[in-house]
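Right, one structure below, let's go through it.
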Amino acid sequence: MELAQMQKSLQDYTKSLFLEGVLDSQFLQLQQLQDESNPDFVSQVVTLFFQDSDRILNDLSLSLDQQVVDFKKVDPHVHQLKGSSSSIGAQRVKNACVVFRSFCEQQNVEACHRCLQQVKQEYYLVKNRLETLFKLEQQIVASGGMIPAMELGF
Amino acid sequence: MGMAAAEWKFHVLAVDDSLVDRKLIERLLQKSSCQVTTVDSGYKALEFLGLRQGIESNDPTALSTSPQEVEVNLIITDYCMPGMTGYDLLKKLKESSVFKNIPVVIMSSENVPARISRCLEEGAEEFFLKPVRLADLNKLKPHMMRTKLKNQKLEEIENGTEAVEPEIKGSEDMGIKILPLQSELEPKQVHLQVVKQEEETLSNNKRKSMEEGLSTDRPLPRLEGGIATAV
């Protein structure tokens, strides 16, 4: 594939993530923090997010599977996930966490189980999309090209 | 001339239990030309400063063996942390005769007015809502300038090269909340703030049809022409 074509694909792909609400403007903030001195900043932060989230989702599953659910344990986990997803611009994960927290407050176990599924779904979606995005970037760089600047026309 | 300006960097101690947020605040501060130390708890922050176990040591030898080799010019801390909250840390710092004059900034993902006013009343300089952005850190520039000028002045006194200088207003005179930044900002920083507003508008108007494009490529000067029309 031609370099220009790859760059266009990357731009279109990234744009679609914003249009679908998978990512929000905070992700752009991350990209602005990346430069020649820190060329891998975005992928580094996102990788930390993945590691953190995998751990939290695991803990949440365990907590919700207990005979008696301790919401004092569940809520801080969701709060943490809400925070980190917000920090990298994973909008739909963040929004799912907001809903999750309101059901934690109501101590509604069944609803919380559904929320956890929803959060997991959104998380795996953004994880998948971002991994694809990074692959596209790597292909461009490997071909000797530059990552095109984000053009937001919406 | 003495210590080169390029060597001295404003040193910020960042406290946050979230790994992702620590990485983010570290990069934000580096991008704002600060030296950064990050710790994951209030306890570690106090330890770093030399306040072991939250008890100020009056033993001079204890201070000399403290891990802190470099002076801390500002502390920025998350509010919600397990064990010692950012507010608890703030209180401990303000109670310390040694550290009460170090400016403290609180960060929080939750916009709770009572929380914000409580922190400001306890002596926090600023309250940042998360996610923190580059534009927010512009509010730290007056503190950075003040410390830099103070250090320069101290050095001039030491070297006997002290000149007569105009009075530098302290942040106490300027008030806590809104600082007159517009006049102090370089054009790039103004654009950073406008970019933030633009992006917030963008995310609100996501589904609107295409109007003027907003380019977010680096360096920012490219936005100069587009800002006025993109609103």
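Each chain in the structure tokens gets a letter, A, B and so on, in the order shown; residues start at 1 in every chain, and ligands are counted from 1 in the order they appear.
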
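Counting only C-alpha atoms, Met81 (chain B) has the following residues at most 7 Å away, ignoring those fewer than 4 positions along the same chain: Asp17, Thr85 and Gly86 of chain B.
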
Contact table region 70-147 of chain B vs region 78-102 of chain A, cut-off 9 Å, shortest pair per residue, only C-alpha atoms, as JSON lines:
```
{"residue": "B:Ser109", "atom": "CA", "partner": "A:Gly83", "partner_atom": "CA", "distance": 6.6}
{"residue": "B:Lys130", "atom": "CA", "partner": "A:Ser87", "partner_atom": "CA", "distance": 7.4}
{"residue": "B:Pro131", "atom": "CA", "partner": "A:Ser87", "partner_atom": "CA", "distance": 5.2}
{"residue": "B:Val132", "atom": "CA", "partner": "A:Ser87", "partner_atom": "CA", "distance": 8.1}
```

Q) Using only C-alpha atoms, which residue out of A:Ala4, A:Leu17, A:Val68, A:Ile140 lies closest to Asn108 (chain A)? A)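 Nearest candidate to Asn108 (chain A) out of A:Ala4, A:Leu17, A:Val68, A:Ile140: A:Val68.
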
Q | CA of Trp8 (chain B) to CA of Asn151 (chain B), straight-line distance in Å | A |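 Going from CA of Asn151 (chain B) over to CA of Trp8 (chain B) covers 9.2 Å.
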
**Q.** Distance filter 10 Å, only C-alpha atoms, chain A against chain B, as number ranges by chain
**A.** A: 18-21, 23-26, 28-35, 38, 41-42, 44-52, 76, 79-89, 148-154

Q: Check the smallest atom-to-atom distance from each of A:Glu110, A:Gln121, A:Met6, A:Cys115 to Ala142 (chain A) using only C-alpha atoms, then report the winner.
A: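 Checking each candidate against Ala142 (chain A), we get A:Met6 as the closest.
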
**Q.** CA of Val15 (chain B) to CA of Val105 (chain B), straight-line distance in Å
**A.** 10.2 Å

Q: Return as number ranges by chain the full set of residues in region 3-95 of chain A whose backbone-based DSSP assignment is alpha helix (DSSP H).
A: A: 3-19, 25-32, 41-64, 71-88, 91-95

Prev. selection, C-alpha atoms, output as a compact mmCIF listing (two decimals), in the first residue's frame:
```txt
# COMPACT_ATOMS: atom_id res chain seq x y z
CA LEU A 3 2.38 5.69 1.94
CA ALA A 4 -0.13 8.43 1.18
CA GLN A 5 -2.90 5.84 1.15
CA MET A 6 -1.82 4.49 4.54
CA GLN A 7 -1.76 7.98 5.98
CA LYS A 8 -5.23 8.68 4.64
CA SER A 9 -6.46 5.38 6.11
CA LEU A 10 -5.06 6.33 9.48
CA GLN A 11 -6.71 9.73 9.39
CA ASP A 12 -10.07 8.28 8.38
CA TYR A 13 -9.82 5.58 11.00
CA THR A 14 -8.97 8.03 13.75
CA LYS A 15 -11.75 10.36 12.67
CA SER A 16 -14.25 7.52 12.81
CA LEU A 17 -13.28 6.80 16.41
CA PHE A 18 -14.11 10.38 17.34
CA LEU A 19 -17.36 10.35 15.39
CA SER A 25 -10.82 15.33 22.75
CA GLN A 26 -8.69 14.19 25.69
CA PHE A 27 -7.05 11.74 23.27
CA LEU A 28 -5.97 14.73 21.20
CA GLN A 29 -4.43 16.22 24.32
CA LEU A 30 -2.34 13.06 24.65
CA GLN A 31 -1.19 13.38 21.05
CA GLN A 32 -0.17 16.97 21.68
CA PHE A 41 4.09 8.80 24.81
CA VAL A 42 0.59 7.98 23.62
CA SER A 43 1.19 4.26 23.25
CA GLN A 44 2.97 4.22 26.63
CA VAL A 45 0.07 5.82 28.47
CA VAL A 46 -2.47 3.71 26.64
CA THR A 47 -0.51 0.55 27.49
CA LEU A 48 -0.57 1.56 31.16
CA PHE A 49 -4.32 2.07 30.81
CA PHE A 50 -4.75 -1.43 29.38
CA GLN A 51 -2.70 -3.01 32.18
CA ASP A 52 -4.53 -1.03 34.84
CA SER A 53 -7.95 -1.78 33.37
CA ASP A 54 -7.32 -5.51 32.97
CA ARG A 55 -6.49 -5.65 36.65
CA ILE A 56 -9.50 -3.55 37.72
CA LEU A 57 -11.97 -5.52 35.58
CA ASN A 58 -10.63 -8.73 37.07
CA ASP A 59 -11.05 -7.38 40.61
CA LEU A 60 -14.55 -6.18 39.77
CA SER A 61 -15.58 -9.57 38.46
CA LEU A 62 -14.34 -11.20 41.65
CA SER A 63 -16.03 -8.64 43.89
CA LEU A 64 -19.38 -8.95 42.15
CA PHE A 71 -20.02 -2.16 47.44
CA LYS A 72 -17.38 -0.37 49.47
CA LYS A 73 -14.92 -2.42 47.48
CA VAL A 74 -16.72 -2.24 44.14
CA ASP A 75 -17.21 1.52 43.93
CA PRO A 76 -13.56 2.58 44.31
CA HIS A 77 -12.62 0.22 41.48
CA VAL A 78 -15.22 1.74 39.18
CA HIS A 79 -14.14 5.22 40.24
CA GLN A 80 -10.57 4.34 39.36
CA LEU A 81 -11.54 2.99 35.96
CA LYS A 82 -13.70 6.01 35.31
CA GLY A 83 -10.72 8.23 36.09
CA SER A 84 -8.17 6.47 33.94
CA SER A 85 -10.51 6.07 30.97
CA SER A 86 -11.33 9.76 31.22
CA SER A 87 -7.61 10.59 31.30
CA ILE A 88 -6.91 8.87 28.00
CA GLN A 91 -15.27 8.29 26.39
CA ARG A 92 -17.62 5.33 26.16
CA VAL A 93 -15.77 3.41 28.86
CA LYS A 94 -15.97 6.48 31.08
CA ASN A 95 -19.69 6.90 30.45
```

Q: For Thr77 (chain B), please output as an NGL selection string all residues within 12 Å (counting only C-alpha atoms; exclusion window: fewer than 4 positions along the same chain).
A: :B and (12-18 or 21-22 or 25-26 or 37-46 or 81 or 84-90 or 93 or 103-109 or 119 or 124-130 or 132)
